[in-house]
Structures are given as C-alpha cells and as structure tokens.
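A.B. asks: Please find query-v3.txt (compact mmCIF, C-alpha atoms and all ligand atoms) on the next line:
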# COMPACT_ATOMS: atom_id res chain seq x y z
CA MET A 1 9.80 -14.33 -19.09
CA VAL A 2 12.16 -15.94 -16.61
CA THR A 3 10.87 -19.20 -15.13
CA LEU A 4 12.19 -21.32 -12.31
CA GLU A 5 13.65 -23.73 -14.88
CA LYS A 6 15.52 -20.90 -16.53
CA MET A 7 16.78 -19.60 -13.19
CA ALA A 8 17.93 -23.09 -12.21
CA HIS A 9 19.74 -23.27 -15.54
CA LEU A 10 21.44 -19.93 -14.86
CA ALA A 11 22.40 -21.17 -11.38
CA GLN A 12 23.81 -24.41 -12.80
CA GLU A 13 26.01 -22.47 -15.14
CA SER A 14 26.95 -19.98 -12.39
CA ARG A 15 25.50 -17.24 -14.58
CA PHE A 16 24.28 -15.38 -11.49
CA ASP A 17 27.95 -14.54 -10.88
CA SER A 18 28.36 -12.64 -14.11
CA LEU A 19 26.57 -9.36 -13.35
CA GLY A 20 25.76 -9.14 -9.67
CA PRO A 21 27.86 -9.99 -6.62
CA ALA A 22 29.29 -13.53 -6.98
CA VAL A 23 26.83 -16.20 -5.83
CA SER A 24 26.71 -19.92 -6.39
CA ILE A 25 23.19 -21.29 -5.94
CA ASP A 26 22.04 -24.89 -5.67
CA PRO A 27 19.37 -25.27 -8.40
CA GLU A 28 17.39 -27.57 -6.06
CA LYS A 29 17.21 -24.77 -3.50
CA LEU A 30 16.10 -22.29 -6.14
CA GLY A 31 13.39 -24.70 -7.23
CA ALA A 32 12.15 -25.56 -3.74
CA LEU A 33 11.99 -21.96 -2.54
CA GLY A 34 10.36 -20.77 -5.76
CA GLU A 35 7.81 -23.61 -5.75
CA GLY A 36 6.96 -22.79 -2.14
CA THR A 37 5.30 -19.55 -3.29
CA ARG A 38 3.05 -21.24 -5.85
CA HIS A 39 -0.16 -20.72 -3.89
CA ASP A 40 0.72 -17.26 -2.74
CA VAL A 41 -0.99 -15.00 -5.24
CA CYS A 42 -0.81 -11.85 -3.14
CA ALA A 43 0.65 -9.01 -5.26
CA SER A 44 0.27 -10.89 -8.49
CA THR A 45 -2.05 -9.67 -11.19
CA PHE A 46 -4.87 -12.15 -10.97
CA SER A 47 -6.00 -13.91 -14.09
CA PRO A 48 -8.13 -17.05 -13.88
CA GLN A 49 -6.58 -18.26 -17.13
CA SER A 50 -3.03 -17.86 -15.87
CA PRO A 51 -2.44 -19.08 -12.32
CA ALA A 52 0.66 -17.69 -10.65
CA LEU A 53 3.85 -19.26 -11.92
CA PRO A 54 6.54 -20.09 -9.40
CA GLY A 55 9.65 -18.00 -9.92
CA ILE A 56 7.90 -15.01 -11.37
CA CYS A 57 4.85 -12.94 -10.62
CA HIS A 58 3.47 -9.63 -11.75
CA ALA A 59 2.37 -6.69 -9.68
CA PHE A 60 1.13 -3.19 -10.28
CA ALA A 61 3.51 -0.56 -8.95
CA HIS A 62 2.05 2.59 -7.35
CA ASP A 63 2.27 4.41 -10.70
CA GLY A 64 0.16 1.75 -12.46
CA ARG A 65 3.08 0.00 -14.22
CA CYS A 66 2.86 -3.81 -14.38
CA VAL A 67 6.21 -5.14 -13.14
CA SER A 68 7.75 -8.65 -13.24
CA LEU A 69 9.07 -9.82 -9.89
CA PHE A 70 11.43 -12.57 -8.75
CA LYS A 71 9.14 -14.40 -6.33
CA THR A 72 10.58 -16.65 -3.68
CA LEU A 73 10.50 -17.82 -0.09
CA TYR A 74 13.41 -16.95 2.15
CA THR A 75 13.01 -20.38 3.79
CA ASN A 76 10.53 -23.19 3.23
CA TYR A 77 10.78 -24.29 6.85
CA CYS A 78 7.85 -23.14 8.95
CA GLY A 79 7.00 -23.79 12.59
CA HIS A 80 3.26 -23.27 11.99
CA GLN A 81 0.70 -25.95 11.30
CA CYS A 82 -1.57 -24.65 8.58
CA ASN A 83 -3.51 -27.73 7.51
CA TYR A 84 -3.29 -26.96 3.79
CA CYS A 85 0.38 -26.02 3.53
CA THR A 86 3.28 -28.22 2.45
CA ASN A 87 5.74 -26.08 4.44
CA ALA A 88 3.93 -26.78 7.73
CA THR A 89 5.39 -29.06 10.40
CA ASN A 90 2.24 -31.22 10.30
CA CYS A 91 2.72 -32.05 6.59
CA SER A 92 3.82 -35.67 6.27
CA ARG A 93 5.37 -35.17 2.82
CA LYS A 94 8.70 -33.84 3.83
CA THR A 95 10.47 -31.61 1.35
CA ARG A 96 14.06 -30.74 2.14
CA ALA A 97 14.28 -27.55 4.14
CA PHE A 98 16.23 -24.76 2.43
CA SER A 99 17.07 -21.18 3.32
CA TYR A 100 18.84 -18.43 1.45
CA THR A 101 21.30 -16.06 2.99
CA PRO A 102 20.66 -12.34 2.40
CA GLU A 103 23.81 -12.23 0.22
CA GLU A 104 22.58 -15.10 -1.99
CA LEU A 105 19.20 -13.48 -2.51
CA VAL A 106 20.80 -10.11 -3.24
CA GLY A 107 23.08 -11.78 -5.79
CA ILE A 108 20.25 -13.53 -7.64
CA THR A 109 17.98 -10.47 -7.56
CA LEU A 110 20.66 -8.10 -8.85
CA SER A 111 21.74 -10.47 -11.60
CA LEU A 112 18.19 -11.01 -12.83
CA TYR A 113 17.44 -7.29 -12.53
CA ARG A 114 20.53 -6.14 -14.37
CA SER A 115 19.85 -8.71 -17.10
CA ASN A 116 16.35 -7.21 -17.52
CA TYR A 117 14.58 -10.42 -16.55
CA ILE A 118 12.81 -8.81 -13.59
CA GLU A 119 11.93 -5.40 -12.24
CA GLY A 120 11.87 -6.33 -8.57
CA LEU A 121 11.62 -8.85 -5.74
CA PHE A 122 8.63 -10.40 -3.99
CA LEU A 123 9.98 -12.01 -0.83
CA SER A 124 7.81 -14.25 1.32
CA SER A 125 8.84 -16.97 3.78
CA GLY A 126 7.98 -19.72 6.20
CA SER A 127 8.47 -18.56 9.76
CA GLY A 128 11.47 -20.84 10.40
CA ARG A 129 12.06 -21.64 14.06
CA ASN A 130 11.61 -18.00 15.01
CA GLU A 131 9.69 -15.47 12.90
CA ASP A 132 11.73 -12.53 14.16
CA CYS A 133 14.97 -14.13 13.12
CA ILE A 134 13.59 -14.73 9.58
CA MET A 135 12.07 -11.23 9.38
CA GLU A 136 15.47 -9.83 10.32
CA LYS A 137 17.07 -11.69 7.39
CA MET A 138 14.35 -10.59 4.98
CA VAL A 139 14.80 -6.97 6.04
CA GLU A 140 18.57 -7.38 5.78
CA THR A 141 18.16 -8.58 2.18
CA ALA A 142 16.14 -5.48 1.30
CA ARG A 143 18.59 -3.23 3.14
CA ILE A 144 21.64 -4.57 1.26
CA LEU A 145 19.80 -4.17 -2.03
CA ARG A 146 18.72 -0.60 -1.32
CA GLU A 147 21.68 0.78 0.63
CA LYS A 148 24.69 -1.12 -0.67
CA HIS A 149 23.65 -1.55 -4.30
CA ASP A 150 21.31 1.45 -4.76
CA PHE A 151 18.63 -0.93 -5.99
CA ASN A 152 15.70 1.09 -7.32
CA GLY A 153 13.53 -1.87 -8.30
CA TYR A 154 10.21 -2.80 -6.73
CA ILE A 155 10.27 -4.72 -3.43
CA HIS A 156 7.32 -6.49 -1.84
CA LEU A 157 8.06 -7.93 1.62
CA LYS A 158 5.70 -10.36 3.30
CA VAL A 159 5.29 -9.68 7.02
CA LEU A 160 5.31 -12.93 9.00
CA PRO A 161 2.51 -13.65 11.50
CA GLY A 162 3.59 -12.43 14.93
CA ALA A 163 6.51 -10.35 13.60
CA ASP A 164 7.94 -7.71 15.91
CA ARG A 165 6.77 -4.13 15.36
CA SER A 166 10.34 -2.87 14.90
CA HIS A 167 10.91 -5.34 12.04
CA ILE A 168 7.64 -4.29 10.44
CA GLN A 169 8.74 -0.66 10.60
CA GLU A 170 12.11 -1.47 9.01
CA ALA A 171 10.39 -3.50 6.28
CA MET A 172 8.11 -0.54 5.55
CA GLU A 173 11.08 1.83 5.26
CA LEU A 174 12.70 -0.35 2.59
CA ALA A 175 9.82 -1.89 0.62
CA ASP A 176 7.32 -0.55 -1.90
CA ARG A 177 4.62 -2.83 -0.51
CA VAL A 178 4.17 -5.06 2.53
CA SER A 179 1.47 -7.64 3.17
CA ILE A 180 0.37 -10.08 5.80
CA ASN A 181 -1.93 -12.93 4.84
CA LEU A 182 -5.27 -13.14 6.63
CA GLU A 183 -5.87 -16.64 5.21
CA ALA A 184 -9.26 -16.92 7.00
CA ALA A 185 -12.31 -14.68 7.41
CA SER A 186 -12.46 -14.86 11.22
CA ALA A 187 -10.74 -16.22 14.32
CA SER A 188 -13.05 -19.24 14.44
CA HIS A 189 -12.34 -20.08 10.78
CA MET A 190 -8.63 -19.64 11.46
CA ASN A 191 -8.96 -22.26 14.21
CA GLU A 192 -10.42 -24.66 11.62
CA ILE A 193 -7.37 -24.35 9.39
CA CYS A 194 -4.44 -23.61 11.72
CA ALA A 195 -4.07 -24.31 15.43
CA THR A 196 -0.82 -22.39 15.87
CA LYS A 197 -1.72 -18.88 14.69
CA ASN A 198 -3.65 -16.41 16.79
CA TYR A 199 -5.87 -14.44 14.42
CA GLU A 200 -6.14 -11.38 16.60
CA SER A 201 -2.58 -10.97 17.88
CA ASP A 202 -0.50 -12.62 15.12
CA ILE A 203 -2.37 -11.16 12.15
CA LEU A 204 -4.89 -8.37 12.83
CA GLN A 205 -2.63 -6.64 15.35
CA ARG A 206 0.26 -6.72 12.82
CA GLN A 207 -2.01 -5.21 10.17
CA ARG A 208 -2.86 -2.40 12.59
CA TYR A 209 0.83 -1.79 13.21
CA ILE A 210 1.29 -1.35 9.48
CA ARG A 211 -1.72 0.97 9.27
CA ASP A 212 -0.48 3.07 12.18
CA LEU A 213 3.09 3.26 10.86
CA MET A 214 1.91 4.25 7.40
CA SER A 215 2.05 7.98 8.16
CA LYS A 216 5.78 7.69 8.97
CA ALA A 217 6.81 5.37 6.13
CA ASN A 218 7.07 6.03 2.44
CA LEU A 219 5.30 2.87 1.32
CA PRO A 220 4.09 3.80 -2.16
CA ALA A 221 2.18 0.58 -2.93
CA GLY A 222 0.65 0.26 0.57
CA GLN A 223 -0.37 -2.94 2.32
CA THR A 224 -2.30 -5.87 0.84
CA THR A 225 -3.64 -9.18 2.12
CA GLN A 226 -4.76 -12.58 0.92
CA LEU A 227 -7.40 -15.15 1.89
CA VAL A 228 -7.42 -18.86 1.19
CA VAL A 229 -10.97 -19.53 -0.02
CA GLY A 230 -12.68 -22.71 1.08
CA ALA A 231 -9.97 -24.26 3.27
CA GLY A 232 -12.31 -23.46 6.17
CA LYS A 233 -16.06 -23.44 5.94
CA GLU A 234 -16.61 -19.70 5.66
CA SER A 235 -19.28 -18.36 3.32
CA ASP A 236 -18.60 -15.74 0.65
CA GLU A 237 -20.67 -13.30 2.68
CA GLU A 238 -18.35 -13.80 5.68
CA ILE A 239 -15.37 -13.24 3.40
CA PHE A 240 -16.99 -10.06 2.07
CA ARG A 241 -17.62 -8.72 5.60
CA ARG A 242 -13.99 -9.36 6.56
CA VAL A 243 -12.73 -7.71 3.40
CA LEU A 244 -14.91 -4.67 4.06
CA TYR A 245 -13.24 -4.36 7.45
CA GLU A 246 -9.85 -4.64 5.73
CA TYR A 247 -10.63 -1.85 3.26
CA GLN A 248 -12.43 0.44 5.67
CA GLU A 249 -10.57 -0.04 8.97
CA ILE A 250 -7.13 -1.33 8.01
CA GLY A 251 -6.78 0.56 4.75
CA VAL A 252 -5.47 -2.37 2.68
CA ARG A 253 -4.89 -1.43 -0.93
CA ARG A 254 -6.14 -4.79 -2.22
CA ALA A 255 -7.38 -8.16 -1.01
CA TYR A 256 -6.45 -11.29 -2.98
CA TYR A 257 -8.36 -14.57 -3.03
CA SER A 258 -6.77 -17.96 -3.55
CA ALA A 259 -9.04 -20.99 -4.08
CA PHE A 260 -8.09 -23.84 -1.76
CA SER A 261 -6.38 -26.71 -3.55
CA PRO A 262 -5.54 -29.86 -1.53
CA GLN A 263 -1.86 -30.81 -1.31
CA LYS A 264 -0.47 -34.29 -0.76
CA GLY A 265 0.74 -35.01 2.78
CA THR A 266 -1.24 -32.20 4.42
CA PRO A 267 -4.12 -32.87 6.87
CA PHE A 268 -6.49 -31.37 4.25
CA ALA A 269 -5.20 -33.59 1.42
CA ASN A 270 -8.58 -35.29 0.99
CA ARG A 271 -10.73 -32.19 1.09
CA GLU A 272 -12.59 -31.07 -2.02
CA PRO A 273 -10.71 -28.47 -4.06
CA GLN A 274 -12.54 -25.19 -4.51
CA PRO A 275 -13.61 -24.35 -8.05
CA MET A 276 -11.67 -21.52 -9.69
CA TRP A 277 -14.97 -19.82 -10.48
CA ARG A 278 -15.47 -19.15 -6.74
CA GLU A 279 -12.21 -17.20 -6.66
CA HIS A 280 -13.22 -15.40 -9.87
CA ARG A 281 -16.67 -14.40 -8.53
CA LEU A 282 -15.07 -13.07 -5.34
CA TYR A 283 -12.76 -10.91 -7.46
CA GLN A 284 -15.82 -9.60 -9.33
CA MET A 285 -17.53 -8.80 -6.02
CA ASP A 286 -14.38 -7.04 -4.83
CA TRP A 287 -14.27 -5.06 -8.07
CA LEU A 288 -17.89 -3.91 -7.59
CA TYR A 289 -16.95 -2.52 -4.18
CA ARG A 290 -13.55 -0.99 -5.00
CA ILE A 291 -13.89 0.19 -8.58
CA TYR A 292 -17.63 0.53 -9.21
CA ARG A 293 -18.19 1.88 -5.69
CA PHE A 294 -21.32 -0.19 -5.09
CA HIS A 295 -22.67 0.20 -1.57
CA PRO A 296 -22.09 -2.91 0.61
CA GLN A 297 -25.88 -3.20 1.03
CA GLU A 298 -26.25 -3.52 -2.74
CA ILE A 299 -23.57 -6.21 -2.90
CA GLU A 300 -25.36 -8.21 -0.19
CA HIS A 301 -28.02 -8.95 -2.84
CA ALA A 302 -25.53 -11.09 -4.79
CA PHE A 303 -25.39 -13.76 -2.06
CA ASP A 304 -27.84 -16.66 -1.86
CA GLU A 305 -29.72 -17.58 1.32
CA ASN A 306 -26.63 -19.48 2.58
CA GLY A 307 -24.32 -16.54 1.96
CA PHE A 308 -22.63 -17.87 -1.21
CA LEU A 309 -22.15 -16.34 -4.65
CA GLN A 310 -23.46 -18.39 -7.55
CA ASN A 311 -21.34 -19.06 -10.63
CA SER A 312 -22.79 -16.07 -12.46
CA ASP A 313 -21.91 -12.39 -12.68
CA PRO A 314 -22.73 -10.82 -9.27
CA LYS A 315 -23.48 -7.50 -11.00
CA MET A 316 -26.20 -9.19 -13.05
CA ALA A 317 -27.67 -10.76 -9.89
CA ILE A 318 -27.73 -7.35 -8.18
CA ALA A 319 -29.30 -5.65 -11.22
CA ARG A 320 -32.06 -8.24 -11.36
CA GLU A 321 -32.79 -7.70 -7.68
CA LEU A 322 -32.55 -3.93 -7.47
CA MET A 323 -33.29 -2.28 -10.84
CA ASP A 324 -36.98 -1.55 -11.08
CA SER A 325 -37.15 -0.07 -14.56
CA PRO A 326 -35.00 0.15 -17.70
CA VAL A 327 -32.39 2.94 -17.81
CA ASP A 328 -32.34 5.63 -20.48
CA PRO A 329 -28.68 6.36 -21.32
CA ASN A 330 -29.61 9.89 -22.42
CA ILE A 331 -30.75 10.92 -18.96
CA ALA A 332 -29.37 8.40 -16.45
CA SER A 333 -26.69 9.56 -14.01
CA TYR A 334 -23.17 8.10 -14.17
CA GLN A 335 -23.96 5.97 -11.08
CA GLU A 336 -27.19 4.65 -12.65
CA LEU A 337 -25.35 3.76 -15.86
CA LEU A 338 -22.70 1.93 -13.87
CA ARG A 339 -25.33 -0.36 -12.40
CA VAL A 340 -26.34 -1.69 -15.82
CA PRO A 341 -24.66 -5.05 -16.64
CA GLY A 342 -22.42 -4.57 -19.67
CA ILE A 343 -21.58 -0.94 -18.80
CA GLY A 344 -18.29 -0.35 -16.98
CA PRO A 345 -16.71 2.85 -15.64
CA ARG A 346 -15.06 3.68 -18.95
CA SER A 347 -18.15 3.18 -21.13
CA ALA A 348 -20.29 5.06 -18.58
CA GLN A 349 -17.85 8.00 -18.74
CA ARG A 350 -17.93 7.92 -22.56
CA ILE A 351 -21.74 7.94 -22.59
CA VAL A 352 -21.85 10.94 -20.26
CA ALA A 353 -19.23 12.78 -22.36
CA LEU A 354 -20.92 12.05 -25.70
CA ARG A 355 -24.43 13.06 -24.69
CA GLN A 356 -23.15 16.49 -23.67
CA ARG A 357 -22.53 17.06 -27.39
CA GLN A 358 -25.38 15.02 -28.95
CA PRO A 359 -28.07 12.55 -27.86
CA ILE A 360 -27.27 8.83 -27.97
CA ALA A 361 -29.06 7.51 -31.03
CA GLY A 362 -29.15 3.74 -30.51
CA LYS A 363 -27.53 0.40 -29.83
CA ALA A 364 -24.77 0.70 -32.42
CA GLU A 365 -23.60 3.97 -30.89
CA LEU A 366 -23.56 2.44 -27.42
CA ALA A 367 -21.57 -0.53 -28.72
CA SER A 368 -19.01 1.86 -30.21
CA LEU A 369 -18.61 3.40 -26.73
CA GLY A 370 -17.67 -0.02 -25.30
CA VAL A 371 -21.08 -1.14 -23.98
CA ARG A 372 -21.59 -4.91 -24.14
CA ILE A 373 -24.98 -4.74 -25.80
CA LYS A 374 -26.03 -8.35 -25.28
CA ARG A 375 -25.75 -7.96 -21.52
CA ALA A 376 -26.97 -4.39 -21.29
CA ALA A 377 -29.94 -4.40 -23.70
CA PRO A 378 -32.52 -5.95 -21.33
CA PHE A 379 -31.84 -3.09 -18.88
CA LEU A 380 -31.96 -0.18 -21.35
CA LYS A 381 -34.53 1.91 -23.15
CA ILE A 382 -33.62 4.53 -25.72
CA ASN A 383 -35.63 6.64 -28.15
CA GLY A 384 -38.60 4.32 -27.97
CA TRP A 385 -36.47 1.23 -28.51
CA ARG A 386 -36.61 -1.22 -25.65
CA ASP A 387 -35.34 -4.77 -25.70
CA ALA A 388 -36.21 -5.51 -22.11
CA THR A 389 -37.31 -9.09 -22.02
CA LEU A 390 -36.91 -9.45 -18.27
CA GLU A 391 -40.02 -10.98 -16.74
CA MET A 392 -40.09 -8.35 -14.02
CA TRP A 393 -40.66 -5.60 -16.60
CA SER A 394 -42.86 -7.45 -19.04
CA ALA A 395 -46.15 -6.17 -17.58
S1 LIG B 401 2.43 -19.72 8.13
FE1 LIG B 401 1.16 -21.45 7.47
S2 LIG B 401 0.78 -21.02 5.26
FE2 LIG B 401 2.56 -19.77 5.88
S3 LIG B 401 4.33 -21.04 5.38
FE3 LIG B 401 3.82 -21.40 7.54
S4 LIG B 401 2.53 -23.24 7.52
FE4 LIG B 401 2.58 -22.41 5.43
Can the structure from this file be put into structure tokens for me?
C.D. replies:
Amino acid sequence: MVTLEKMAHLAQESRFDSLGPAVSIDPEKLGALGEGTRHDVCASTFSPQSPALPGICHAFAHDGRCVSLFKTLYTNYCGHQCNYCTNATNCSRKTRAFSYTPEELVGITLSLYRSNYIEGLFLSSGSGRNEDCIMEKMVETARILREKHDFNGYIHLKVLPGADRSHIQEAMELADRVSINLEAASASHMNEICATKNYESDILQRQRYIRDLMSKANLPAGQTTQLVVGAGKESDEEIFRRVLYEYQEIGVRRAYYSAFSPQKGTPFANREPQPMWREHRLYQMDWLYRIYRFHPQEIEHAFDENGFLQNSDPKMAIARELMDSPVDPNIASYQELLRVPGIGPRSAQRIVALRQRQPIAGKAELASLGVRIKRAAPFLKINGWRDATLEMWSA
C-alpha cells in the first residue's frame, strides 16, 4: 500500500519523474493536500476498524472490483466557512495553502499507476477563491489523463458546491464517479454548521444537475454523497429521511457517513466528538434499506423516541418490535427469513435453495449455511425445536 509518507519519499527522490511525465513535487505540498482529505470518506470502503488513510483510499468500481486510489485535494484553500473544517477561512490554525497544477497531478497519478501502487484517482478540493476556476482545473486534470495519456484507471471527481452545470457535465464525461457532499440533513442544519453554503442552490440543485445529465453521460459508478454526522444537531431519523430522498429522488448510488471529530482552530473545536458507533449504526441502517430492502416504515422502528439509533443492531431492534412469532425456515419466504437477526441475504438464499431438495433438519444445518445461530435462535422454530426465550413469546 502506498501511504503519504511513501509518496513524499518518492517525491523527495524525484521518483515521480521516472515513469510518468517529469514532475518535481514538494513533499510538504503532497502531505498537506493528502492530509486535507482525511475526513472525506466518500468513495472509500467503510470499515470502522480502519478509518480512511490520507494518501490512499479504496472504492468499488462499477464491476464490483475494489480499487486503490490516490486521494488528494487539488487545493487546500477554501473560501467557505464550514465550522468543522481546517481548510475553512474561519479556522484560526492556518496551514499553508497549496495547490497542484493539472500537470503535476497527472504526473503523480501516472507514475503511481504505472508502478502499480494505485488503480485510479480520487480528486477532491477546497473551493479556492472561485469554485468554477478550481472545477476547471480538476476537469483539466482528468482530461489530460484520459485524452493525452489514454488513462484507463478509475477516476472519482468531487463536484464543488455551486459548481457550474457545464463543468459538472464535463466532469461526468471523464470520470467513473462524481459526488457532492451533502454534509447536513437539511437547510436548517446546514445553517448550524456553515453560513456560506446554500443547501438548496449550492448542493441539492447540483445533485439534480447530475441526475438529469446521467442519461447523456457514461458514468459507470454513478453519483454518491456524504454526511458529517453530529456536527449539527440532526437526529438519525432526520438523516435517514434525507438519505431516503437521496436514494429515491436523486438516485445516488451510495450515501457515506462520517462521524464529526473536532479539529483544533475551528469554531467547533470544543464540541463533543461523535462516537464511531453512531457512524457504524447508520451504515447498518443504510444496509437494511439498500441491501435487505426493508421498507422505510420498518426501519422507523429502530429509532428511539428522540429519533436516535441506540448502540445496538438496528435489525435486532426492528425484529423485537415487529416479529410476532418465531419463523420456521422450512416454510418462511425469503423476505421473512431476511428479517431474522443472524440471517443475511446469502444465508437466506442458501436456505431457500436447500429446502427445495430436502427439509432443514436443525441448528447445525442452518449454521453450515451461514446463519449466526446465537442471534437467530430466539426468532426460529424448526421441527419442534424452539429456543425462543424472548419475553414477548414466552406465554
Ligand atoms: S466546502 Fe467546507 S468542508 Fe469543503 S473544504 Fe471548504 S470549508 Fe472545508
């Protein structure tokens, strides 16, 4: 894996010149622009045990391959005032402002790509003094890669808030995926965290442009978005409602959640960090909607009276609320099986396939099909065996 340290080392030794077009990169710039993406998890494969590393991230390409990407900002200067961001103009801890040129970024990307360190580029950015000027440079980078160097690697381009529609269209013609960060669940929560961005016109309108241009562009990995969780005071239920809108009306491929973590020098430096489990539970909720195809009304049962998820499996909370009797794996439908904690889409499919040939005999057989028996047993009955110890079924 190539890390920022390794890239800085390559830059120091001018090793980026060896395979791609000649570039000489200041290691401090490489570090600052790589570090600037640390909290941007959009496009990365989320894992609570492995927070996104600066310099590298992973993404799933449209064909399901997991690819390593060189992840960087184009510039760490930003004219916006997001109260949690170290690139913002209202951050008192001033880091030196750096920008790449398209040629520098092309040189680094090609060298890393041809050396098999990466399979693509994830390019984000601060908005600089003018977002259209920065978008133009980001698009130019992708254009040189694709058209001058026949670059076939993966490209994810971040669309800047307020970007011009023509730049969005060009980005979509060159990239595999584009994204624009929602950051907040609503306009009022956006006002809590950033006074300079207009939620409707800078963000939602840009997402609609992408949606509407999708029919003309070949954008194999679609559009995604990201929310910062807990920087404002939104509940998980508000986040869920916004994400539903994103999936149903905007057609985003995936939403990503990033737990707020206070940064020195920002106006939110003294706010409580959000626990990683909140991020994790939101991903589980998202999974129930996207992969398990739970109805939104079922998912509503996972929230407490204040609209928050507890630090426990939301599927278990929903099962306790909604299942009114144990499920028999020999007769339950695929959808009923999927609602049992400990049974996922793959094990549910295996159960359905096996019982077409022979009846399911017991727990050991279910375990061999991938069912997590400890979690599932209280919700199952089979051939007279029933472990259900749930109070609601004890009568
Ligand atoms: S738009 Fe906000 S979050 Fe993004 S770089 Fe600028 S200040 Fe930071």
A.B. asks: State, in Å with one decimal place, the distance from atom CA of Ser235 of chain A to atom CA of Gln274 of chain A.
C.D. replies: 12.4 Å
A.B. asks: Select the residues contacting ligand LIG 401 (chain B) at a distance of at most 10 Å, based on all atoms listed in the file, then format the selection as a PyMOL selection string.
C.D. replies: chain A and resi 36-37+39-40+73+75-91+124-128+131+160-161+180-181+183+193-197+228
A.B. asks: Might you pull out every residue within 12 Å of Arg350 of chain A, with all atoms listed in the file counted and same-chain residues fewer than 3 positions away left off, and present them as number ranges by chain?
C.D. replies: A: 329-330, 334, 337-338, 343-347, 353-357, 360, 365-371
A.B. asks: In Å, with one decimal, what is the gap from atom CA of Arg253 of chain A to atom CA of Val139 of chain A?
C.D. replies: 21.6 Å
A.B. asks: For Leu244 of chain A, which residue out of A:Lys94, A:Lys216, A:Arg278, A:His295 is the nearest one, using all atoms listed in the file?
C.D. replies: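 Among the listed residues, A:His295 lies closest to Leu244 of chain A.
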A.B. asks: Neighbourhood query: residues within 12 Å of (18.9, -7.4, 5.5), file coordinates, counting only C-alpha atoms; return as a PyMOL selection string.
C.D. replies: chain A and resi 74+100-106+123+133-148+157+167+170-171+174-175
A.B. asks: Residues at most 9 Å from segment 314-317 of chain A, counting only C-alpha atoms, excluding those fewer than 2 positions away in the same chain, as a list in words?
C.D. replies: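 The contact residues come out as Arg281, Leu282, Gln284, Met285, Leu288, Ile299, His301, Ala302, Phe303, Leu309, Gln310, Asn311, Ser312, Ala319, Arg320, Glu321, Leu322, Arg339, Val340, Pro341, Gly342 and Arg375 of chain A.
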A.B. asks: Quick one: pull the distance between atom CA of Ser68 of chain A and atom CA of Ile118 of chain A, Å, one decimal.
C.D. replies: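 Between atom CA of Ser68 of chain A and atom CA of Ile118 of chain A the gap is 5.1 Å.
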A.B. asks: Select, from A:Gly64, A:Gly362, A:Val229, A:Pro296, the residue with the minimum atom-to-atom distance to Phe308 of chain A, counting all atoms listed in the file.
C.D. replies: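 Closest to Phe308 of chain A, using all atoms listed in the file: A:Val229.
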A.B. asks: Considering all atoms listed in the file, state which residue in the set A:Ala259, A:Val2, A:Ala187, A:Ala364 is at the smallest distance from Pro273 of chain A.
C.D. replies: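 Ranked by minimum distance to Pro273 of chain A, first place goes to A:Ala259.
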A.B. asks: Give me the residues within 8 Å of His9 of chain A as a PDB file with C-alpha atoms, in the frame of the given file, counting all atoms listed in the file and dropping any in the same chain fewer than 4 places off.
C.D. replies:
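As written to disk, result.pdb reads:
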ATOM      1  CA  GLU A   5      13.650 -23.730 -14.880  1.00  0.00           C
ATOM      2  CA  GLU A  13      26.010 -22.470 -15.140  1.00  0.00           C
ATOM      3  CA  PRO A  27      19.370 -25.270  -8.400  1.00  0.00           C
TER       4      PRO A  27
END
A.B. asks: Using the file's own x, y and z axes, so that the box edges lie along x, y and z, what centre and edge lengths in Å (one decimal) does a box around every listed atom of segment 153-166 of chain A get when 3 Å is added on each side? Give it as AutoDock Vina command-line options.
C.D. replies:
--center_x 8.0 --center_y -7.8 --center_z 3.8 --size_x 17.0 --size_y 17.8 --size_z 30.2
A.B. asks: Find the residue from A:Lys363, A:Lys264, A:Arg242, A:His156 that sits nearest to His58 of chain A; use all atoms listed in the file when measuring.
C.D. replies: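 Looking at the shortest contact to His58 of chain A, the residue is A:His156.
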A.B. asks: Excluding Ile168 of chain A and any residue of its chain fewer than 5 positions from it, enumerate the residues within 8 Å of it, using all atoms listed in the file, and give them as an MDAnalysis selection string.
C.D. replies: chainID A and resid 159 163 209:210
A.B. asks: Just C-alpha atoms for this one: save the residues we selected as a PDB file, keeping the file's coordinate frame.
C.D. replies:
ATOM      1  CA  VAL A 159       5.290  -9.680   7.020  1.00  0.00           C
ATOM      2  CA  ALA A 163       6.510 -10.350  13.600  1.00  0.00           C
ATOM      3  CA  TYR A 209       0.830  -1.790  13.210  1.00  0.00           C
ATOM      4  CA  ILE A 210       1.290  -1.350   9.480  1.00  0.00           C
TER       5      ILE A 210
END
A.B. asks: Counting only C-alpha atoms, figure out which residue out of A:Glu28, A:Ser201, A:Thr225, A:Lys233 gets nearest to Arg271 of chain A.
C.D. replies: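 The shortest atom-to-atom distance to Arg271 of chain A comes from A:Lys233.
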A.B. asks: Which one of A:Asn218, A:Ser166, A:Ser258, A:Ser111 sits closest to Asp132 of chain A if you count only C-alpha atoms?
C.D. replies: A:Ser166
